[in-house]
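Report on the following structure.
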Amino acid sequence: MLAEIVLVVTAAVLGSLLGSFLNVCVYRLPRNESIVRPRSHCPSCGATIAWYDNVPILSWLALRGRCRQCRARISVQYPLVEAATALAWAGATWWWGPTWDALAAAVLLTLLLGILLTDAQHFVIPDELSLGGLGAGFALSFFTDRISPVFAVIGAVTGFALLWVVKVGGDWALRRGLIGGEEVQRTLGPEEPPSAMGGGDLKMMAMIGVFLGWQGVLATAFLGALAGTLVYLPLLLRRTKPLVPFGVYLAVGAAAWLVLGDRLTAWYLGFLRP
């Protein structure tokens, strides 16, 4: 029991460190900045952050959410991302034990969190996260029990192809005025044709497929669409037309299937055959 607790705590510490790095990725990748240089610095005054002010979660609490040099506020997003990543790694280790499956689950949850934040804030899914995750997932498939390399490839192809079909159909409808594309056009700019879905969503779904297989792709698409509908409909009823970053809902759907997939399947089969 003690060994398990130590293992979970170690995973949480590692997760918090990775969450700190994920914060860097979320801030810099959409701005096309290097995630290596320069060192972490205050976005307000530019002062380099000392190592003792860069300890995940604890430094933010000790500094009361402010820069030591200029006293500018530091977003609460930073400790929350570190805590969420720590929880993901600790939870995966507790659920699957010290296995490759636990590592794959923790890596996927970390990538999904990074994609959710960048897409929600900047309407961008960086290739470093989606394609990098695709490569990491395929490499891990050689060691995990959850999915084999063959089914990982099938899942990636299925994920990309599924959203490609949706994108082609949506683009056709947009350009013929069958569905409104004003919000999309305002985001893209006047020089770019309206598009129902960005290429980042396709790459993201391929990444999800390499981790979760073709069944996970279908479940993610369904759960993501359901989550998007539950959020979008109330706003639509209030006569607002927000541009929905679909990557956010795909991330939620994939995480839900990873954690609750077996239970959701059992519930659905029980619903069909009570």
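Letters A, B, ... go to the chains of the structure tokens in the order shown; residues in each chain start at 1; ligands are counted from 1 in the same order.
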Got a sec: who's within 12 Å of A:Ile5, counting only C-alpha atoms, leaving out chain neighbours fewer than 4 positions off, as a PDB file with C-alpha atoms, in the first residue's frame?
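Below you can see selection.pdb, which holds the result:
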ATOM      1  CA  MET A   1       0.000   0.000   0.000  1.00  0.00           C
ATOM      2  CA  VAL A   9       2.568  10.863  -5.459  1.00  0.00           C
ATOM      3  CA  THR A  10       5.635  10.580  -7.705  1.00  0.00           C
ATOM      4  CA  ALA A  11       3.376  10.535 -10.754  1.00  0.00           C
ATOM      5  CA  ALA A  12       1.575  13.629  -9.451  1.00  0.00           C
ATOM      6  CA  ALA A  90      -1.725  10.477 -10.541  1.00  0.00           C
ATOM      7  CA  GLY A  91      -5.151   9.202 -11.595  1.00  0.00           C
ATOM      8  CA  THR A  93      -1.141   5.640 -12.295  1.00  0.00           C
ATOM      9  CA  TRP A  94      -3.681   4.780  -9.599  1.00  0.00           C
ATOM     10  CA  GLY A  97      -0.844   0.892 -12.077  1.00  0.00           C
ATOM     11  CA  PRO A  98       2.802   1.206 -13.184  1.00  0.00           C
TER      12      PRO A  98
END
Legend entry - Contacts of stretch 252-255 of chain A within 12 Å, only C-alpha atoms, excl. fewer than 5 positions in-chain, as number ranges by chain: A: 88, 92, 105-117, 159, 204-228, 245-247, 260-261, 264
Writer output for current selection, N, CA and C atoms, as a compact mmCIF listing (two decimals), in the first residue's frame:
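Everything below was put into out.txt:
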# COMPACT_ATOMS: atom_id res chain seq x y z
N ALA A 88 -4.14 14.16 -13.58
CA ALA A 88 -4.22 13.20 -14.68
C ALA A 88 -3.17 12.10 -14.55
N ALA A 92 -4.13 8.28 -13.60
CA ALA A 92 -3.79 7.20 -14.53
C ALA A 92 -2.94 6.14 -13.85
N ALA A 105 -2.27 6.75 -21.21
CA ALA A 105 -3.44 7.52 -20.79
C ALA A 105 -3.03 8.90 -20.28
N ALA A 106 -1.97 8.97 -19.48
CA ALA A 106 -1.51 10.24 -18.94
C ALA A 106 -1.02 11.17 -20.06
N VAL A 107 -0.31 10.62 -21.02
CA VAL A 107 0.17 11.42 -22.15
C VAL A 107 -1.00 11.97 -22.95
N LEU A 108 -1.99 11.11 -23.23
CA LEU A 108 -3.16 11.55 -24.00
C LEU A 108 -3.91 12.65 -23.26
N LEU A 109 -4.15 12.48 -21.97
CA LEU A 109 -4.87 13.50 -21.21
C LEU A 109 -4.11 14.83 -21.19
N THR A 110 -2.79 14.76 -21.11
CA THR A 110 -1.97 15.99 -21.14
C THR A 110 -2.10 16.70 -22.48
N LEU A 111 -2.03 15.93 -23.56
CA LEU A 111 -2.17 16.50 -24.89
C LEU A 111 -3.56 17.10 -25.10
N LEU A 112 -4.59 16.40 -24.64
CA LEU A 112 -5.96 16.90 -24.79
C LEU A 112 -6.16 18.20 -24.02
N LEU A 113 -5.56 18.30 -22.85
CA LEU A 113 -5.67 19.54 -22.07
C LEU A 113 -5.00 20.69 -22.81
N GLY A 114 -3.81 20.45 -23.36
CA GLY A 114 -3.12 21.50 -24.11
C GLY A 114 -3.91 21.94 -25.32
N ILE A 115 -4.48 20.98 -26.05
CA ILE A 115 -5.28 21.31 -27.24
C ILE A 115 -6.54 22.07 -26.85
N LEU A 116 -7.19 21.62 -25.78
CA LEU A 116 -8.41 22.31 -25.32
C LEU A 116 -8.13 23.78 -25.05
N LEU A 117 -7.03 24.07 -24.37
CA LEU A 117 -6.73 25.45 -24.01
C LEU A 117 -6.35 26.30 -25.21
N GLY A 159 -10.00 8.32 -37.82
CA GLY A 159 -10.23 9.63 -37.24
C GLY A 159 -10.06 10.74 -38.26
N MET A 204 -5.96 16.34 -35.05
CA MET A 204 -6.26 15.99 -33.66
C MET A 204 -7.01 14.67 -33.59
N MET A 205 -7.99 14.48 -34.48
CA MET A 205 -8.77 13.25 -34.46
C MET A 205 -7.91 12.05 -34.85
N ALA A 206 -6.96 12.25 -35.74
CA ALA A 206 -6.02 11.17 -36.06
C ALA A 206 -5.20 10.80 -34.83
N MET A 207 -4.79 11.82 -34.06
CA MET A 207 -4.05 11.56 -32.82
C MET A 207 -4.90 10.78 -31.83
N ILE A 208 -6.16 11.16 -31.69
CA ILE A 208 -7.06 10.45 -30.79
C ILE A 208 -7.21 9.00 -31.24
N GLY A 209 -7.31 8.79 -32.55
CA GLY A 209 -7.47 7.45 -33.08
C GLY A 209 -6.28 6.55 -32.79
N VAL A 210 -5.09 7.11 -32.81
CA VAL A 210 -3.90 6.28 -32.58
C VAL A 210 -3.82 5.85 -31.12
N PHE A 211 -4.44 6.61 -30.23
CA PHE A 211 -4.48 6.22 -28.81
C PHE A 211 -5.67 5.33 -28.49
N LEU A 212 -6.84 5.62 -29.08
CA LEU A 212 -8.09 4.98 -28.66
C LEU A 212 -8.68 4.02 -29.69
N GLY A 213 -8.10 3.97 -30.91
CA GLY A 213 -8.64 3.06 -31.91
C GLY A 213 -9.87 3.61 -32.60
N TRP A 214 -10.38 2.86 -33.58
CA TRP A 214 -11.52 3.36 -34.35
C TRP A 214 -12.79 3.46 -33.51
N GLN A 215 -12.93 2.57 -32.51
CA GLN A 215 -14.10 2.68 -31.65
C GLN A 215 -14.05 3.97 -30.84
N GLY A 216 -12.86 4.31 -30.36
CA GLY A 216 -12.70 5.55 -29.61
C GLY A 216 -12.95 6.78 -30.47
N VAL A 217 -12.60 6.69 -31.76
CA VAL A 217 -12.86 7.79 -32.68
C VAL A 217 -14.36 8.04 -32.81
N LEU A 218 -15.12 6.97 -33.04
CA LEU A 218 -16.57 7.13 -33.19
C LEU A 218 -17.21 7.65 -31.91
N ALA A 219 -16.76 7.11 -30.77
CA ALA A 219 -17.30 7.55 -29.49
C ALA A 219 -16.93 9.01 -29.22
N THR A 220 -15.70 9.40 -29.55
CA THR A 220 -15.26 10.78 -29.35
C THR A 220 -16.08 11.74 -30.19
N ALA A 221 -16.32 11.38 -31.45
CA ALA A 221 -17.12 12.23 -32.34
C ALA A 221 -18.53 12.41 -31.78
N PHE A 222 -19.12 11.32 -31.30
CA PHE A 222 -20.47 11.40 -30.75
C PHE A 222 -20.51 12.22 -29.47
N LEU A 223 -19.61 11.91 -28.53
CA LEU A 223 -19.59 12.62 -27.25
C LEU A 223 -19.21 14.09 -27.43
N GLY A 224 -18.29 14.35 -28.36
CA GLY A 224 -17.90 15.73 -28.63
C GLY A 224 -19.05 16.53 -29.22
N ALA A 225 -19.77 15.92 -30.17
CA ALA A 225 -20.93 16.60 -30.76
C ALA A 225 -22.01 16.82 -29.72
N LEU A 226 -22.20 15.84 -28.83
CA LEU A 226 -23.20 15.98 -27.77
C LEU A 226 -22.83 17.12 -26.83
N ALA A 227 -21.55 17.16 -26.42
CA ALA A 227 -21.10 18.24 -25.53
C ALA A 227 -21.25 19.60 -26.20
N GLY A 228 -20.87 19.68 -27.48
CA GLY A 228 -21.01 20.94 -28.21
C GLY A 228 -22.46 21.39 -28.30
N PRO A 245 -15.29 26.33 -31.07
CA PRO A 245 -14.03 25.61 -31.38
C PRO A 245 -14.23 24.12 -31.12
N PHE A 246 -14.41 23.36 -32.16
CA PHE A 246 -14.80 21.95 -32.03
C PHE A 246 -13.72 21.13 -31.32
N GLY A 247 -12.47 21.56 -31.41
CA GLY A 247 -11.40 20.83 -30.74
C GLY A 247 -11.62 20.72 -29.25
N LEU A 260 -14.23 6.67 -19.02
CA LEU A 260 -15.51 6.02 -18.75
C LEU A 260 -15.99 5.12 -19.88
N GLY A 261 -15.13 4.84 -20.84
CA GLY A 261 -15.56 4.09 -22.02
C GLY A 261 -16.20 2.76 -21.70
N LEU A 264 -19.61 3.36 -20.05
CA LEU A 264 -20.58 3.86 -21.01
C LEU A 264 -21.06 2.76 -21.94
Running DSSP on the backbone, which parts of stretch 52-225 of chain A land in alpha helix (DSSP H), as a compact mmCIF listing (two decimals) with N, CA and C atoms, in the first residue's frame?
# COMPACT_ATOMS: atom_id res chain seq x y z
N LEU A 58 3.05 25.66 -6.02
CA LEU A 58 3.51 26.25 -4.76
C LEU A 58 4.01 27.68 -4.95
N SER A 59 4.76 27.93 -6.03
CA SER A 59 5.30 29.28 -6.24
C SER A 59 4.17 30.29 -6.46
N TRP A 60 3.15 29.89 -7.22
CA TRP A 60 2.03 30.79 -7.46
C TRP A 60 1.33 31.13 -6.15
N LEU A 61 1.15 30.12 -5.30
CA LEU A 61 0.51 30.36 -4.01
C LEU A 61 1.39 31.25 -3.12
N ALA A 62 2.70 30.99 -3.12
CA ALA A 62 3.61 31.76 -2.26
C ALA A 62 3.65 33.22 -2.69
N GLN A 77 -4.76 30.41 -14.41
CA GLN A 77 -4.67 29.27 -15.33
C GLN A 77 -3.42 28.45 -15.08
N TYR A 78 -2.33 29.10 -14.71
CA TYR A 78 -1.05 28.39 -14.56
C TYR A 78 -1.12 27.32 -13.47
N PRO A 79 -1.51 27.65 -12.24
CA PRO A 79 -1.58 26.58 -11.24
C PRO A 79 -2.68 25.58 -11.53
N LEU A 80 -3.78 26.02 -12.15
CA LEU A 80 -4.87 25.09 -12.46
C LEU A 80 -4.43 24.04 -13.48
N VAL A 81 -3.68 24.47 -14.50
CA VAL A 81 -3.17 23.52 -15.50
C VAL A 81 -2.18 22.55 -14.85
N GLU A 82 -1.31 23.08 -13.99
CA GLU A 82 -0.35 22.21 -13.29
C GLU A 82 -1.07 21.20 -12.40
N ALA A 83 -2.11 21.66 -11.70
CA ALA A 83 -2.86 20.76 -10.83
C ALA A 83 -3.63 19.72 -11.65
N ALA A 84 -4.23 20.15 -12.76
CA ALA A 84 -4.99 19.21 -13.60
C ALA A 84 -4.08 18.15 -14.20
N THR A 85 -2.90 18.54 -14.63
CA THR A 85 -1.95 17.58 -15.20
C THR A 85 -1.44 16.63 -14.12
N ALA A 86 -1.18 17.16 -12.94
CA ALA A 86 -0.77 16.31 -11.82
C ALA A 86 -1.86 15.29 -11.50
N LEU A 87 -3.11 15.74 -11.51
CA LEU A 87 -4.23 14.84 -11.24
C LEU A 87 -4.35 13.77 -12.32
N ALA A 88 -4.14 14.16 -13.58
CA ALA A 88 -4.22 13.20 -14.68
C ALA A 88 -3.17 12.10 -14.55
N TRP A 89 -1.94 12.49 -14.24
CA TRP A 89 -0.87 11.50 -14.11
C TRP A 89 -1.06 10.64 -12.86
N ALA A 90 -1.48 11.26 -11.75
CA ALA A 90 -1.72 10.48 -10.54
C ALA A 90 -2.90 9.54 -10.74
N GLY A 91 -3.98 10.03 -11.37
CA GLY A 91 -5.15 9.20 -11.60
C GLY A 91 -4.87 8.03 -12.52
N ALA A 92 -4.13 8.28 -13.60
CA ALA A 92 -3.79 7.20 -14.53
C ALA A 92 -2.94 6.14 -13.85
N THR A 93 -2.00 6.59 -13.01
CA THR A 93 -1.14 5.64 -12.29
C THR A 93 -1.94 4.83 -11.28
N TRP A 94 -2.85 5.48 -10.58
CA TRP A 94 -3.68 4.78 -9.60
C TRP A 94 -4.62 3.79 -10.28
N TRP A 95 -5.16 4.17 -11.45
CA TRP A 95 -6.17 3.33 -12.12
C TRP A 95 -5.53 2.14 -12.84
N TRP A 96 -4.44 2.40 -13.56
CA TRP A 96 -3.83 1.34 -14.36
C TRP A 96 -2.55 0.76 -13.74
N TRP A 100 2.43 0.55 -19.08
CA TRP A 100 2.48 1.37 -20.28
C TRP A 100 1.11 1.98 -20.59
N ASP A 101 0.04 1.25 -20.23
CA ASP A 101 -1.30 1.80 -20.44
C ASP A 101 -1.49 3.08 -19.63
N ALA A 102 -0.98 3.09 -18.40
CA ALA A 102 -1.08 4.30 -17.57
C ALA A 102 -0.31 5.45 -18.20
N LEU A 103 0.87 5.17 -18.72
CA LEU A 103 1.67 6.21 -19.37
C LEU A 103 0.95 6.76 -20.59
N ALA A 104 0.39 5.86 -21.41
CA ALA A 104 -0.33 6.30 -22.61
C ALA A 104 -1.53 7.16 -22.24
N ALA A 105 -2.27 6.75 -21.21
CA ALA A 105 -3.44 7.52 -20.79
C ALA A 105 -3.03 8.90 -20.28
N ALA A 106 -1.97 8.97 -19.48
CA ALA A 106 -1.51 10.24 -18.94
C ALA A 106 -1.02 11.17 -20.06
N VAL A 107 -0.31 10.62 -21.02
CA VAL A 107 0.17 11.42 -22.15
C VAL A 107 -1.00 11.97 -22.95
N LEU A 108 -1.99 11.11 -23.23
CA LEU A 108 -3.16 11.55 -24.00
C LEU A 108 -3.91 12.65 -23.26
N LEU A 109 -4.15 12.48 -21.97
CA LEU A 109 -4.87 13.50 -21.21
C LEU A 109 -4.11 14.83 -21.19
N THR A 110 -2.79 14.76 -21.11
CA THR A 110 -1.97 15.99 -21.14
C THR A 110 -2.10 16.70 -22.48
N LEU A 111 -2.03 15.93 -23.56
CA LEU A 111 -2.17 16.50 -24.89
C LEU A 111 -3.56 17.10 -25.10
N LEU A 112 -4.59 16.40 -24.64
CA LEU A 112 -5.96 16.90 -24.79
C LEU A 112 -6.16 18.20 -24.02
N LEU A 113 -5.56 18.30 -22.85
CA LEU A 113 -5.67 19.54 -22.07
C LEU A 113 -5.00 20.69 -22.81
N GLY A 114 -3.81 20.45 -23.36
CA GLY A 114 -3.12 21.50 -24.11
C GLY A 114 -3.91 21.94 -25.32
N ILE A 115 -4.48 20.98 -26.05
CA ILE A 115 -5.28 21.31 -27.24
C ILE A 115 -6.54 22.07 -26.85
N LEU A 116 -7.19 21.62 -25.78
CA LEU A 116 -8.41 22.31 -25.32
C LEU A 116 -8.13 23.78 -25.05
N LEU A 117 -7.03 24.07 -24.37
CA LEU A 117 -6.73 25.45 -24.01
C LEU A 117 -6.35 26.30 -25.21
N THR A 118 -5.51 25.78 -26.10
CA THR A 118 -5.10 26.57 -27.26
C THR A 118 -6.26 26.81 -28.21
N ASP A 119 -7.11 25.80 -28.39
CA ASP A 119 -8.25 25.97 -29.29
C ASP A 119 -9.28 26.91 -28.69
N ALA A 120 -9.50 26.81 -27.38
CA ALA A 120 -10.48 27.69 -26.75
C ALA A 120 -10.03 29.15 -26.77
N GLN A 121 -8.74 29.39 -26.62
CA GLN A 121 -8.24 30.76 -26.51
C GLN A 121 -7.84 31.36 -27.84
N HIS A 122 -7.34 30.53 -28.76
CA HIS A 122 -6.78 31.07 -30.01
C HIS A 122 -7.37 30.44 -31.26
N ASP A 127 0.36 21.89 -34.42
CA ASP A 127 0.84 20.60 -34.94
C ASP A 127 1.75 19.92 -33.93
N GLU A 128 2.46 20.73 -33.13
CA GLU A 128 3.37 20.15 -32.15
C GLU A 128 2.62 19.24 -31.17
N LEU A 129 1.36 19.58 -30.91
CA LEU A 129 0.56 18.76 -29.99
C LEU A 129 -0.14 17.62 -30.72
N SER A 130 -0.76 17.93 -31.87
CA SER A 130 -1.52 16.90 -32.57
C SER A 130 -0.60 15.89 -33.28
N LEU A 131 0.31 16.38 -34.11
CA LEU A 131 1.20 15.46 -34.82
C LEU A 131 2.24 14.85 -33.88
N GLY A 132 2.72 15.66 -32.92
CA GLY A 132 3.63 15.11 -31.93
C GLY A 132 2.95 14.01 -31.12
N GLY A 133 1.68 14.25 -30.77
CA GLY A 133 0.92 13.24 -30.06
C GLY A 133 0.66 12.01 -30.90
N LEU A 134 0.47 12.21 -32.20
CA LEU A 134 0.28 11.09 -33.11
C LEU A 134 1.49 10.17 -33.10
N GLY A 135 2.68 10.77 -33.16
CA GLY A 135 3.90 9.97 -33.12
C GLY A 135 4.10 9.29 -31.78
N ALA A 136 3.80 10.00 -30.69
CA ALA A 136 3.94 9.41 -29.35
C ALA A 136 2.97 8.26 -29.16
N GLY A 137 1.74 8.43 -29.62
CA GLY A 137 0.75 7.37 -29.48
C GLY A 137 1.11 6.12 -30.26
N PHE A 138 1.63 6.33 -31.47
CA PHE A 138 2.03 5.16 -32.27
C PHE A 138 3.20 4.43 -31.62
N ALA A 139 4.16 5.18 -31.09
CA ALA A 139 5.30 4.55 -30.41
C ALA A 139 4.84 3.77 -29.18
N LEU A 140 3.91 4.32 -28.41
CA LEU A 140 3.42 3.64 -27.21
C LEU A 140 2.58 2.42 -27.55
N PRO A 149 -0.17 -1.74 -32.67
CA PRO A 149 0.22 -0.79 -33.71
C PRO A 149 -0.70 -0.81 -34.93
N VAL A 150 -1.18 -1.99 -35.32
CA VAL A 150 -2.06 -2.09 -36.48
C VAL A 150 -3.36 -1.34 -36.22
N PHE A 151 -3.97 -1.58 -35.06
CA PHE A 151 -5.22 -0.91 -34.75
C PHE A 151 -5.00 0.57 -34.45
N ALA A 152 -3.81 0.94 -34.02
CA ALA A 152 -3.50 2.35 -33.84
C ALA A 152 -3.51 3.08 -35.18
N VAL A 153 -2.94 2.45 -36.20
CA VAL A 153 -2.94 3.04 -37.54
C VAL A 153 -4.37 3.10 -38.09
N ILE A 154 -5.13 2.04 -37.89
CA ILE A 154 -6.53 2.04 -38.34
C ILE A 154 -7.31 3.15 -37.65
N GLY A 155 -7.07 3.32 -36.36
CA GLY A 155 -7.74 4.38 -35.62
C GLY A 155 -7.37 5.76 -36.14
N ALA A 156 -6.08 5.98 -36.43
CA ALA A 156 -5.64 7.28 -36.93
C ALA A 156 -6.27 7.58 -38.29
N VAL A 157 -6.28 6.60 -39.17
CA VAL A 157 -6.87 6.79 -40.50
C VAL A 157 -8.37 7.04 -40.38
N THR A 158 -9.04 6.29 -39.52
CA THR A 158 -10.47 6.48 -39.32
C THR A 158 -10.78 7.87 -38.79
N GLY A 159 -10.00 8.32 -37.82
CA GLY A 159 -10.23 9.63 -37.24
C GLY A 159 -10.06 10.74 -38.26
N PHE A 160 -8.99 10.67 -39.04
CA PHE A 160 -8.75 11.70 -40.06
C PHE A 160 -9.83 11.65 -41.12
N ALA A 161 -10.16 10.45 -41.61
CA ALA A 161 -11.13 10.31 -42.68
C ALA A 161 -12.52 10.77 -42.26
N LEU A 162 -12.90 10.45 -41.02
CA LEU A 162 -14.23 10.83 -40.54
C LEU A 162 -14.42 12.33 -40.56
N LEU A 163 -13.47 13.06 -40.00
CA LEU A 163 -13.62 14.52 -39.96
C LEU A 163 -13.37 15.14 -41.32
N TRP A 164 -12.59 14.47 -42.18
CA TRP A 164 -12.41 14.99 -43.54
C TRP A 164 -13.73 14.99 -44.29
N VAL A 165 -14.50 13.94 -44.13
CA VAL A 165 -15.81 13.87 -44.77
C VAL A 165 -16.72 14.97 -44.23
N VAL A 166 -16.70 15.16 -42.92
CA VAL A 166 -17.51 16.21 -42.30
C VAL A 166 -17.07 17.58 -42.80
N LYS A 167 -15.76 17.79 -42.90
CA LYS A 167 -15.24 19.07 -43.37
C LYS A 167 -15.66 19.36 -44.81
N VAL A 168 -15.52 18.36 -45.67
CA VAL A 168 -15.89 18.55 -47.08
C VAL A 168 -17.37 18.90 -47.20
N GLY A 169 -18.22 18.15 -46.49
CA GLY A 169 -19.65 18.44 -46.54
C GLY A 169 -19.99 19.80 -45.96
N GLY A 170 -19.33 20.16 -44.85
CA GLY A 170 -19.59 21.46 -44.24
C GLY A 170 -19.12 22.61 -45.10
N ASP A 171 -17.96 22.46 -45.72
CA ASP A 171 -17.45 23.52 -46.61
C ASP A 171 -18.40 23.72 -47.78
N TRP A 172 -18.90 22.63 -48.33
CA TRP A 172 -19.84 22.72 -49.46
C TRP A 172 -21.09 23.47 -49.04
N ALA A 173 -21.62 23.18 -47.84
CA ALA A 173 -22.83 23.85 -47.36
C ALA A 173 -22.57 25.32 -47.08
N LEU A 174 -21.40 25.64 -46.53
CA LEU A 174 -21.07 27.03 -46.24
C LEU A 174 -20.99 27.87 -47.51
N ARG A 175 -20.33 27.34 -48.51
CA ARG A 175 -20.09 28.12 -49.73
C ARG A 175 -21.35 28.28 -50.57
N GLU A 182 -20.92 33.62 -41.40
CA GLU A 182 -20.41 34.96 -41.13
C GLU A 182 -19.40 34.96 -39.98
N GLU A 183 -19.71 34.20 -38.91
CA GLU A 183 -18.80 34.17 -37.77
C GLU A 183 -17.47 33.53 -38.16
N VAL A 184 -17.55 32.46 -38.95
CA VAL A 184 -16.33 31.80 -39.42
C VAL A 184 -15.52 32.76 -40.28
N GLN A 185 -16.20 33.51 -41.15
CA GLN A 185 -15.49 34.42 -42.04
C GLN A 185 -14.81 35.54 -41.28
N ARG A 186 -15.47 36.02 -40.23
CA ARG A 186 -14.87 37.10 -39.43
C ARG A 186 -13.60 36.62 -38.74
N THR A 187 -13.59 35.35 -38.34
CA THR A 187 -12.42 34.81 -37.67
C THR A 187 -11.28 34.57 -38.65
N LEU A 188 -11.62 34.04 -39.83
CA LEU A 188 -10.59 33.72 -40.81
C LEU A 188 -10.03 34.96 -41.49
N GLY A 199 -8.01 22.31 -40.44
CA GLY A 199 -7.19 21.11 -40.59
C GLY A 199 -6.66 20.58 -39.28
N GLY A 200 -6.56 21.46 -38.26
CA GLY A 200 -6.09 21.02 -36.96
C GLY A 200 -7.01 19.99 -36.33
N ASP A 201 -8.32 20.14 -36.56
CA ASP A 201 -9.28 19.17 -36.01
C ASP A 201 -9.05 17.78 -36.60
N LEU A 202 -8.74 17.73 -37.89
CA LEU A 202 -8.49 16.44 -38.55
C LEU A 202 -7.25 15.76 -37.97
N LYS A 203 -6.18 16.54 -37.78
CA LYS A 203 -4.95 15.97 -37.22
C LYS A 203 -5.18 15.55 -35.77
N MET A 204 -5.96 16.34 -35.05
CA MET A 204 -6.26 15.99 -33.66
C MET A 204 -7.01 14.67 -33.59
N MET A 205 -7.99 14.48 -34.48
CA MET A 205 -8.77 13.25 -34.46
C MET A 205 -7.91 12.05 -34.85
N ALA A 206 -6.96 12.25 -35.74
CA ALA A 206 -6.02 11.17 -36.06
C ALA A 206 -5.20 10.80 -34.83
N MET A 207 -4.79 11.82 -34.06
CA MET A 207 -4.05 11.56 -32.82
C MET A 207 -4.90 10.78 -31.83
N ILE A 208 -6.16 11.16 -31.69
CA ILE A 208 -7.06 10.45 -30.79
C ILE A 208 -7.21 9.00 -31.24
N GLY A 209 -7.31 8.79 -32.55
CA GLY A 209 -7.47 7.45 -33.08
C GLY A 209 -6.28 6.55 -32.79
N VAL A 210 -5.09 7.11 -32.81
CA VAL A 210 -3.90 6.28 -32.58
C VAL A 210 -3.82 5.85 -31.12
N PHE A 211 -4.44 6.61 -30.23
CA PHE A 211 -4.48 6.22 -28.81
C PHE A 211 -5.67 5.33 -28.49
N LEU A 212 -6.84 5.62 -29.08
CA LEU A 212 -8.09 4.98 -28.66
C LEU A 212 -8.68 4.02 -29.69
N GLY A 213 -8.10 3.97 -30.91
CA GLY A 213 -8.64 3.06 -31.91
C GLY A 213 -9.87 3.61 -32.60
N TRP A 214 -10.38 2.86 -33.58
CA TRP A 214 -11.52 3.36 -34.35
C TRP A 214 -12.79 3.46 -33.51
N GLN A 215 -12.93 2.57 -32.51
CA GLN A 215 -14.10 2.68 -31.65
C GLN A 215 -14.05 3.97 -30.84
N GLY A 216 -12.86 4.31 -30.36
CA GLY A 216 -12.70 5.55 -29.61
C GLY A 216 -12.95 6.78 -30.47
N VAL A 217 -12.60 6.69 -31.76
CA VAL A 217 -12.86 7.79 -32.68
C VAL A 217 -14.36 8.04 -32.81
N LEU A 218 -15.12 6.97 -33.04
CA LEU A 218 -16.57 7.13 -33.19
C LEU A 218 -17.21 7.65 -31.91
N ALA A 219 -16.76 7.11 -30.77
CA ALA A 219 -17.30 7.55 -29.49
C ALA A 219 -16.93 9.01 -29.22
N THR A 220 -15.70 9.40 -29.55
CA THR A 220 -15.26 10.78 -29.35
C THR A 220 -16.08 11.74 -30.19
N ALA A 221 -16.32 11.38 -31.45
CA ALA A 221 -17.12 12.23 -32.34
C ALA A 221 -18.53 12.41 -31.78
N PHE A 222 -19.12 11.32 -31.30
CA PHE A 222 -20.47 11.40 -30.75
C PHE A 222 -20.51 12.22 -29.47
N LEU A 223 -19.61 11.91 -28.53
CA LEU A 223 -19.59 12.62 -27.25
C LEU A 223 -19.21 14.09 -27.43
N GLY A 224 -18.29 14.35 -28.36
CA GLY A 224 -17.90 15.73 -28.63
C GLY A 224 -19.05 16.53 -29.22
N ALA A 225 -19.77 15.92 -30.17
CA ALA A 225 -20.93 16.60 -30.76
C ALA A 225 -22.01 16.82 -29.72
Inset, instruction - Measuring atom to atom with only C-alpha atoms, identify which of A:Pro234, A:Gly65, A:Pro126, A:Gly198 is nearest to A:Glu33. - result: A:Pro126
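Closest to A:Arg73 among A:Cys42, A:Leu230, A:Ala3, A:Val248 is A:Cys42, based on only C-alpha atoms.
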